[in-house]
$ cat my_file-v3.csv   # CSV, C-alpha atoms
chain,number,residue,atom,x,y,z
A,1232,GLY,CA,-47.2,2.3,82.1
A,1233,ILE,CA,-46.2,5.8,81.1
A,1234,PRO,CA,-48.7,8.1,79.3
A,1235,MET,CA,-47.5,8.8,75.9
A,1236,GLY,CA,-48.8,10.4,72.7
A,1237,VAL,CA,-48.6,8.3,69.5
A,1238,ILE,CA,-48.8,9.5,65.9
A,1239,VAL,CA,-49.1,7.0,63.1
A,1240,THR,CA,-49.7,7.4,59.4
A,1241,GLU,CA,-53.5,7.3,59.7
A,1242,ASN,CA,-53.8,9.6,62.7
A,1243,ARG,CA,-57.1,11.4,62.8
A,1244,THR,CA,-57.0,13.7,65.9
A,1245,ALA,CA,-58.0,16.9,64.0
A,1246,GLU,CA,-59.9,17.9,60.9
A,1247,ALA,CA,-59.8,20.9,58.6
A,1248,THR,CA,-62.9,21.8,56.6
A,1249,LYS,CA,-62.7,23.2,53.1
A,1250,PRO,CA,-66.0,24.8,52.1
A,1251,ALA,CA,-67.4,24.4,48.7
A,1252,ASP,CA,-66.9,27.2,46.2
A,1253,PRO,CA,-70.3,28.9,45.5
A,1254,ALA,CA,-69.1,29.9,42.0
A,1255,ASP,CA,-68.2,26.3,41.1
A,1256,LEU,CA,-71.2,23.9,40.8
A,1257,THR,CA,-68.9,20.8,40.8
A,1258,SER,CA,-67.1,21.6,44.1
A,1259,SER,CA,-68.1,20.2,47.5
A,1260,GLU,CA,-67.1,20.5,51.1
A,1261,LYS,CA,-64.1,18.5,52.1
A,1262,GLN,CA,-62.8,17.2,55.4
A,1263,ILE,CA,-58.9,17.0,55.5
A,1264,GLN,CA,-57.4,14.9,58.2
A,1265,GLN,CA,-54.4,16.4,60.1
A,1266,ALA,CA,-52.2,15.5,63.0
A,1267,GLY,CA,-52.4,17.0,66.5
A,1268,LEU,CA,-48.8,17.2,67.7
A,1269,ARG,CA,-49.3,20.5,69.6
A,1270,ASP,CA,-52.0,18.8,71.8
A,1271,PHE,CA,-49.4,16.4,73.1
A,1272,ASN,CA,-47.0,19.2,73.9
A,1273,ARG,CA,-49.6,21.2,75.8
A,1274,GLU,CA,-50.5,18.1,77.8
A,1275,GLY,CA,-46.8,17.5,78.7
A,1276,LEU,CA,-46.8,14.1,77.1
A,1277,PRO,CA,-43.8,12.4,75.5
A,1278,CYS,CA,-44.5,11.3,71.9
A,1279,ILE,CA,-43.5,8.6,69.5
A,1280,ILE,CA,-44.1,9.0,65.7
A,1281,PHE,CA,-44.3,5.8,63.7
A,1282,ALA,CA,-43.0,7.2,60.4
A,1283,ASN,CA,-44.3,5.8,57.1
A,1284,TRP,CA,-44.5,8.6,54.6
A,1285,ARG,CA,-43.2,9.0,51.1
A,1286,GLY,CA,-43.0,12.8,50.8
A,1287,PHE,CA,-45.2,14.5,48.3
A,1288,SER,CA,-45.5,14.5,44.5
A,1289,GLY,CA,-45.3,18.3,44.0
A,1290,GLY,CA,-48.3,18.0,41.7
A,1291,GLN,CA,-51.3,20.3,41.5
A,1292,ARG,CA,-53.3,18.3,44.1
A,1293,ASP,CA,-50.6,18.3,46.7
A,1294,MET,CA,-50.0,22.0,46.2
A,1295,PHE,CA,-53.8,22.7,46.4
A,1296,ASP,CA,-54.0,20.7,49.6
A,1297,GLU,CA,-51.2,22.9,51.1
A,1298,VAL,CA,-48.9,20.0,51.8
A,1299,LEU,CA,-45.9,22.2,52.0
A,1300,LYS,CA,-47.6,24.6,54.4
A,1301,PHE,CA,-48.7,21.8,56.8
A,1302,GLY,CA,-45.3,20.3,56.6
A,1303,SER,CA,-43.8,23.5,57.8
A,1304,MET,CA,-46.4,23.6,60.6
A,1305,ILE,CA,-45.2,20.1,61.7
A,1306,VAL,CA,-41.6,21.4,61.7
A,1307,ASP,CA,-42.7,24.4,63.8
A,1308,ALA,CA,-44.5,22.1,66.3
A,1309,LEU,CA,-41.4,19.8,66.5
A,1310,VAL,CA,-39.1,22.8,67.2
A,1311,ALA,CA,-41.4,23.9,70.0
A,1312,TYR,CA,-41.8,20.4,71.5
A,1313,ASN,CA,-40.4,20.2,75.1
A,1314,GLN,CA,-41.0,16.5,75.9
A,1315,PRO,CA,-39.0,13.4,74.8
A,1316,LEU,CA,-39.9,12.6,71.2
A,1317,PHE,CA,-39.1,9.4,69.4
A,1318,VAL,CA,-39.3,8.9,65.6
A,1319,TYR,CA,-39.4,5.2,64.7
A,1320,ILE,CA,-39.6,3.6,61.2
A,1321,PRO,CA,-41.4,0.3,61.7
A,1322,PRO,CA,-40.7,-2.9,59.7
A,1323,PHE,CA,-41.4,-2.6,55.9
A,1324,ALA,CA,-42.2,1.1,56.3
A,1325,GLU,CA,-40.5,3.9,54.3
A,1326,LEU,CA,-39.6,7.5,55.0
A,1327,ARG,CA,-38.8,9.3,51.7
A,1328,GLY,CA,-38.3,12.7,50.2
A,1329,GLY,CA,-39.8,15.8,51.9
A,1330,ALA,CA,-41.3,13.6,54.6
A,1331,TRP,CA,-37.8,12.9,55.9
A,1332,VAL,CA,-37.1,16.6,56.2
A,1333,VAL,CA,-40.2,17.2,58.2
A,1334,VAL,CA,-39.4,14.7,61.0
A,1335,ASP,CA,-35.5,14.7,60.9
A,1336,SER,CA,-34.1,14.5,64.4
A,1337,THR,CA,-31.8,17.5,63.8
A,1338,ILE,CA,-34.9,19.8,63.9
A,1339,ASN,CA,-34.9,19.5,67.7
A,1340,SER,CA,-32.0,17.3,68.7
A,1341,ASP,CA,-32.4,18.1,72.4
A,1342,VAL,CA,-35.6,16.1,72.6
A,1343,MET,CA,-35.8,14.1,69.3
A,1344,GLU,CA,-34.3,10.6,68.7
A,1345,PHE,CA,-34.5,8.7,65.5
A,1346,TYR,CA,-34.7,4.9,65.3
A,1347,ALA,CA,-35.6,2.3,62.6
A,1348,ALA,CA,-36.6,-1.4,62.5
A,1349,GLU,CA,-34.7,-4.1,60.8
A,1350,ASP,CA,-36.7,-4.1,57.5
A,1351,ALA,CA,-37.3,-0.3,57.4
A,1352,ARG,CA,-36.2,1.8,54.5
A,1353,GLY,CA,-35.3,5.5,54.5
A,1354,GLY,CA,-33.8,8.0,52.1
A,1355,VAL,CA,-34.5,11.0,49.9
A,1356,LEU,CA,-35.0,8.9,46.8
A,1357,GLU,CA,-36.5,5.5,46.4
A,1358,ALA,CA,-34.2,2.8,45.2
A,1359,ALA,CA,-35.7,2.7,41.7
A,1360,GLY,CA,-35.3,6.5,41.3
A,1361,ALA,CA,-31.7,6.5,42.6
A,1362,ALA,CA,-30.8,3.6,40.3
A,1363,SER,CA,-32.3,5.4,37.3
A,1364,ILE,CA,-30.2,8.5,38.0
A,1365,LYS,CA,-26.9,6.9,39.1
A,1366,PHE,CA,-27.0,3.9,36.7
A,1367,ARG,CA,-28.5,5.0,33.4
A,1368,ASP,CA,-29.3,2.8,30.4
A,1369,ARG,CA,-26.0,3.4,28.8
A,1370,ASP,CA,-24.2,2.5,32.0
A,1371,ILE,CA,-26.2,-0.8,32.2
A,1372,ILE,CA,-25.1,-1.6,28.6
A,1373,THR,CA,-21.5,-0.8,29.3
A,1374,THR,CA,-21.5,-3.0,32.5
A,1375,ALA,CA,-23.1,-5.8,30.6
A,1376,HIS,CA,-20.4,-5.7,27.9
A,1377,ARG,CA,-17.7,-5.7,30.6
A,1378,THR,CA,-19.1,-8.6,32.7
A,1379,ASP,CA,-21.1,-10.9,30.5
A,1380,HIS,CA,-18.9,-13.5,28.8
A,1381,VAL,CA,-21.2,-13.9,25.8
A,1382,LEU,CA,-21.1,-10.2,25.0
A,1383,ARG,CA,-17.3,-10.2,25.5
A,1384,ASP,CA,-17.0,-12.9,22.9
A,1385,LEU,CA,-19.3,-11.1,20.5
A,1386,ASP,CA,-17.3,-7.9,21.0
A,1387,ALA,CA,-14.1,-9.7,20.1
A,1388,LYS,CA,-15.7,-11.2,17.0
A,1389,MET,CA,-17.0,-7.8,16.0
A,1390,ALA,CA,-13.6,-6.2,16.4
A,1391,ALA,CA,-12.0,-9.0,14.3
A,1392,ALA,CA,-14.7,-8.6,11.7
A,1393,LYS,CA,-14.3,-4.8,11.4
A,1394,GLU,CA,-10.5,-5.2,11.2
A,1395,LYS,CA,-10.9,-7.8,8.5
A,1396,ALA,CA,-13.4,-5.5,6.6
A,1397,ALA,CA,-10.9,-2.6,6.8
A,1398,THR,CA,-8.2,-4.7,4.9
A,1399,ALA,CA,-10.5,-6.8,2.7
A,1400,GLY,CA,-10.8,-6.3,-1.0
A,1401,ALA,CA,-13.9,-5.4,-2.9
A,1402,ASP,CA,-15.0,-9.0,-3.3
A,1403,ASP,CA,-14.8,-9.7,0.5
A,1404,ALA,CA,-16.3,-6.4,1.6
A,1405,ALA,CA,-19.9,-7.6,1.1
A,1406,VAL,CA,-19.2,-10.8,3.0
A,1407,CYS,CA,-17.7,-8.9,5.9
A,1408,GLY,CA,-20.6,-6.5,5.9
A,1409,GLU,CA,-23.1,-9.3,6.3
A,1410,GLU,CA,-21.0,-10.8,9.1
A,1411,ILE,CA,-20.9,-7.5,11.0
A,1412,LYS,CA,-24.7,-7.1,10.6
A,1413,ALA,CA,-25.3,-10.6,12.0
A,1414,LEU,CA,-23.0,-10.0,14.9
A,1415,GLN,CA,-24.6,-6.6,15.7
A,1416,LYS,CA,-28.0,-8.3,15.7
A,1417,GLN,CA,-26.8,-10.9,18.2
A,1418,ILE,CA,-25.3,-8.2,20.4
A,1419,THR,CA,-28.5,-6.2,20.4
A,1420,GLY,CA,-30.5,-9.3,21.3
A,1421,ARG,CA,-28.2,-10.2,24.1
A,1422,GLU,CA,-28.3,-6.6,25.4
A,1423,ARG,CA,-32.1,-6.7,25.5
A,1424,SER,CA,-32.2,-10.0,27.3
A,1425,LEU,CA,-29.8,-8.8,30.0
A,1426,PHE,CA,-31.1,-5.3,30.5
A,1427,GLY,CA,-33.9,-6.2,32.9
A,1428,VAL,CA,-31.6,-8.4,35.0
A,1429,TYR,CA,-28.9,-5.7,35.4
A,1430,GLN,CA,-31.6,-3.1,36.1
A,1431,GLN,CA,-32.9,-5.2,39.0
A,1432,VAL,CA,-29.4,-5.7,40.3
A,1433,ALA,CA,-28.9,-1.9,40.2
A,1434,VAL,CA,-32.2,-1.3,42.1
A,1435,HIS,CA,-31.3,-3.9,44.7
A,1436,PHE,CA,-27.9,-2.3,45.2
A,1437,ALA,CA,-29.4,1.1,45.6
A,1438,ASP,CA,-31.9,-0.4,48.1
A,1439,LEU,CA,-29.0,-1.6,50.3
A,1440,HIS,CA,-28.1,2.0,50.9
A,1441,ASP,CA,-31.5,2.6,52.5
A,1442,THR,CA,-31.4,-0.1,55.2
A,1443,ALA,CA,-31.4,0.6,58.9
A,1444,GLY,CA,-27.8,-0.5,59.2
A,1445,ARG,CA,-26.7,1.9,56.6
A,1446,MET,CA,-28.8,4.8,58.1
A,1447,GLN,CA,-27.0,4.1,61.4
A,1448,ALA,CA,-23.6,4.0,59.8
A,1449,LYS,CA,-24.3,7.5,58.2
A,1450,GLY,CA,-25.5,8.8,61.6
A,1451,VAL,CA,-29.0,9.8,60.5
A,1452,ILE,CA,-30.6,7.4,63.1
A,1453,ARG,CA,-29.5,6.7,66.6
A,1454,ARG,CA,-29.6,2.9,66.3
A,1455,GLN,CA,-31.5,0.0,64.8
A,1456,VAL,CA,-34.2,-1.3,67.1
A,1457,GLN,CA,-35.7,-4.8,66.4
A,1458,TRP,CA,-39.5,-4.7,66.2
A,1459,ALA,CA,-39.8,-7.6,68.7
A,1460,GLN,CA,-37.8,-5.7,71.3
A,1461,SER,CA,-39.1,-2.2,70.5
A,1462,ARG,CA,-41.8,-2.0,73.2
A,1463,ALA,CA,-39.3,-2.8,76.0
A,1464,PHE,CA,-36.6,-0.7,74.4
A,1465,PHE,CA,-38.7,2.5,74.2
A,1466,TYR,CA,-40.2,2.0,77.7
A,1467,TRP,CA,-36.8,1.9,79.3
A,1468,ARG,CA,-35.4,4.6,77.1
A,1469,LEU,CA,-38.3,6.9,77.9
A,1470,ARG,CA,-37.9,6.2,81.6
A,1471,ARG,CA,-34.2,7.2,81.2
A,1472,ARG,CA,-35.2,10.4,79.3
A,1473,LEU,CA,-37.8,11.4,81.9
$ encode --input "my_file-v3.csv" --output "structure tokens"
Amino acid sequence: GIPMGVIVTENRTAEATKPADPADLTSSEKQIQQAGLRDFNREGLPCIIFANWRGFSGGQRDMFDEVLKFGSMIVDALVAYNQPLFVYIPPFAELRGGAWVVVDSTINSDVMEFYAAEDARGGVLEAAGAASIKFRDRDIITTAHRTDHVLRDLDAKMAAAKEKAATAGADDAAVCGEEIKALQKQITGRERSLFGVYQQVAVHFADLHDTAGRMQAKGVIRRQVQWAQSRAFFYWRLRRRL
């Protein structure tokens, strides 16, 4: 075999101690787990990172835990890395948001290579977030009216009823008004019943943009590597790189 450093999501090679605040009786000492990428570089070991991170929330806790600072330290360590370094997204793992920026292969393209498994997902936004931005509620309703045959029929009836009401006399105006209200109630009910279905379709469509095949097509990963063949692939690829 070939000696190699491995970093996974629950890596515990180093600890940072945050002492308690003497002025705050509710505070206590904390142990923060951190990665030890620089150790591998000093030992001259090639490294593989099994990426499965979803960025950071940007909330008060993440800012207090200095997530941004430690992310920049990881970038600095990757820039200074001299050995072959692989980043691999395993099956059903995700790489999202700021976490993608931290381990992107363009940071040190001379030594870093990016791969993903068949069921991995990667992208700045998660599928639900991308769908909510690109396909808003009004867009879902518009699409439903364009594609659903029931809504198309109701829209035709509504247009005919409004046209009839515009030319109706005083006696027929009340009847037309009741007909329009009934049609509008049916349209609203149909929209509500279809909204969840169309929303799920939008999320699934957005998720298709985060697959390994799409990442390879966009050039953000080198290639898709099946999990079953990953051990042999990375062994021979590392021998080639060394």
$ atom_distance --input "my_file-v3.csv" --atom1 "CA of Ile1338 (chain A)" --atom2 "CA of Ala1359 (chain A)"
28.0 Å
$ residues_around --input "my_file-v3.csv" --residues "Glu1344 (chain A)" --least-positions-apart "2" --cutoff "8 Å" --atoms "all atoms listed in the file" --output "list in words"
Leu1316, Phe1317, Val1318, Ser1336, Ser1340, Val1342, Tyr1346, Ile1452 and Arg1453 of chain A
$ atom_distance --input "my_file-v3.csv" --atom1 "CA of Arg1445 (chain A)" --atom2 "CA of Asp1350 (chain A)"
11.7 Å
$ residues_around --input "my_file-v3.csv" --residues "Thr1442 (chain A)" --least-positions-apart "6" --cutoff "7 Å" --atoms "only C-alpha atoms" --output "list in words"
Ala1351, Arg1352 and Gly1353 of chain A
$ closest_residue --input "my_file-v3.csv" --among "A:Glu1274, A:Asp1441, A:Glu1394, A:Asp1307" --to "Ala1324 (chain A)" --atoms "all atoms listed in the file"
A:Asp1441
$ residues_around --input "my_file-v3.csv" --residues "Val1355 (chain A)" --least-positions-apart "5" --cutoff "10 Å" --atoms "all atoms listed in the file" --output "list in words"
Arg1285, Gly1286, Leu1326, Arg1327, Gly1328, Gly1329, Ala1330, Trp1331, Val1332, Gly1360, Ala1361 and Asp1441 of chain A
$ closest_residue --input "my_file-v3.csv" --among "A:Lys1395, A:Arg1468, A:Lys1365, A:Arg1377" --to "Ile1233 (chain A)" --atoms "only C-alpha atoms"
A:Arg1468
$ atom_distance --input "my_file-v3.csv" --atom1 "CA of Phe1465 (chain A)" --atom2 "CA of Gly1450 (chain A)"
19.3 Å
$ closest_residue --input "my_file-v3.csv" --among "A:Ala1399, A:Phe1323, A:Asp1370, A:Gly1236" --to "Trp1458 (chain A)" --atoms "all atoms listed in the file"
A:Phe1323
$ closest_residue --input "my_file-v3.csv" --among "A:Asp1438, A:Glu1349, A:Asp1384, A:Asp1368" --to "Leu1414 (chain A)" --atoms "all atoms listed in the file"
A:Asp1384
$ closest_atom_pairs --input "my_file-v3.csv" --of "region 1293-1410 of chain A" --to "region 1415-1429 of chain A" --cutoff "8 Å" --atoms "only C-alpha atoms" --output "Markdown table"
| residue | atom | partner | partner_atom | distance |
| --- | --- | --- | --- | --- |
| A:Ile1371 | CA | A:Tyr1429 | CA | 6.4 |
| A:Ile1372 | CA | A:Glu1422 | CA | 6.7 |
| A:Ala1375 | CA | A:Leu1425 | CA | 7.4 |
| A:Leu1382 | CA | A:Ile1418 | CA | 6.5 |
| A:Leu1385 | CA | A:Ile1418 | CA | 6.7 |
| A:Met1389 | CA | A:Gln1415 | CA | 7.7 |
$ closest_residue --input "my_file-v3.csv" --among "A:Asn1339, A:Gln1447, A:Gln1455, A:Thr1398" --to "Ala1308 (chain A)" --atoms "all atoms listed in the file"
A:Asn1339
$ residues_around --input "my_file-v3.csv" --residues "Asp1341 (chain A)" --least-positions-apart "5" --cutoff "12 Å" --atoms "all atoms listed in the file" --output "list in words"
Leu1309, Val1310, Ala1311, Tyr1312, Asn1313, Gln1314, Pro1315, Leu1316, Phe1317, Ser1336 and Arg1472 of chain A
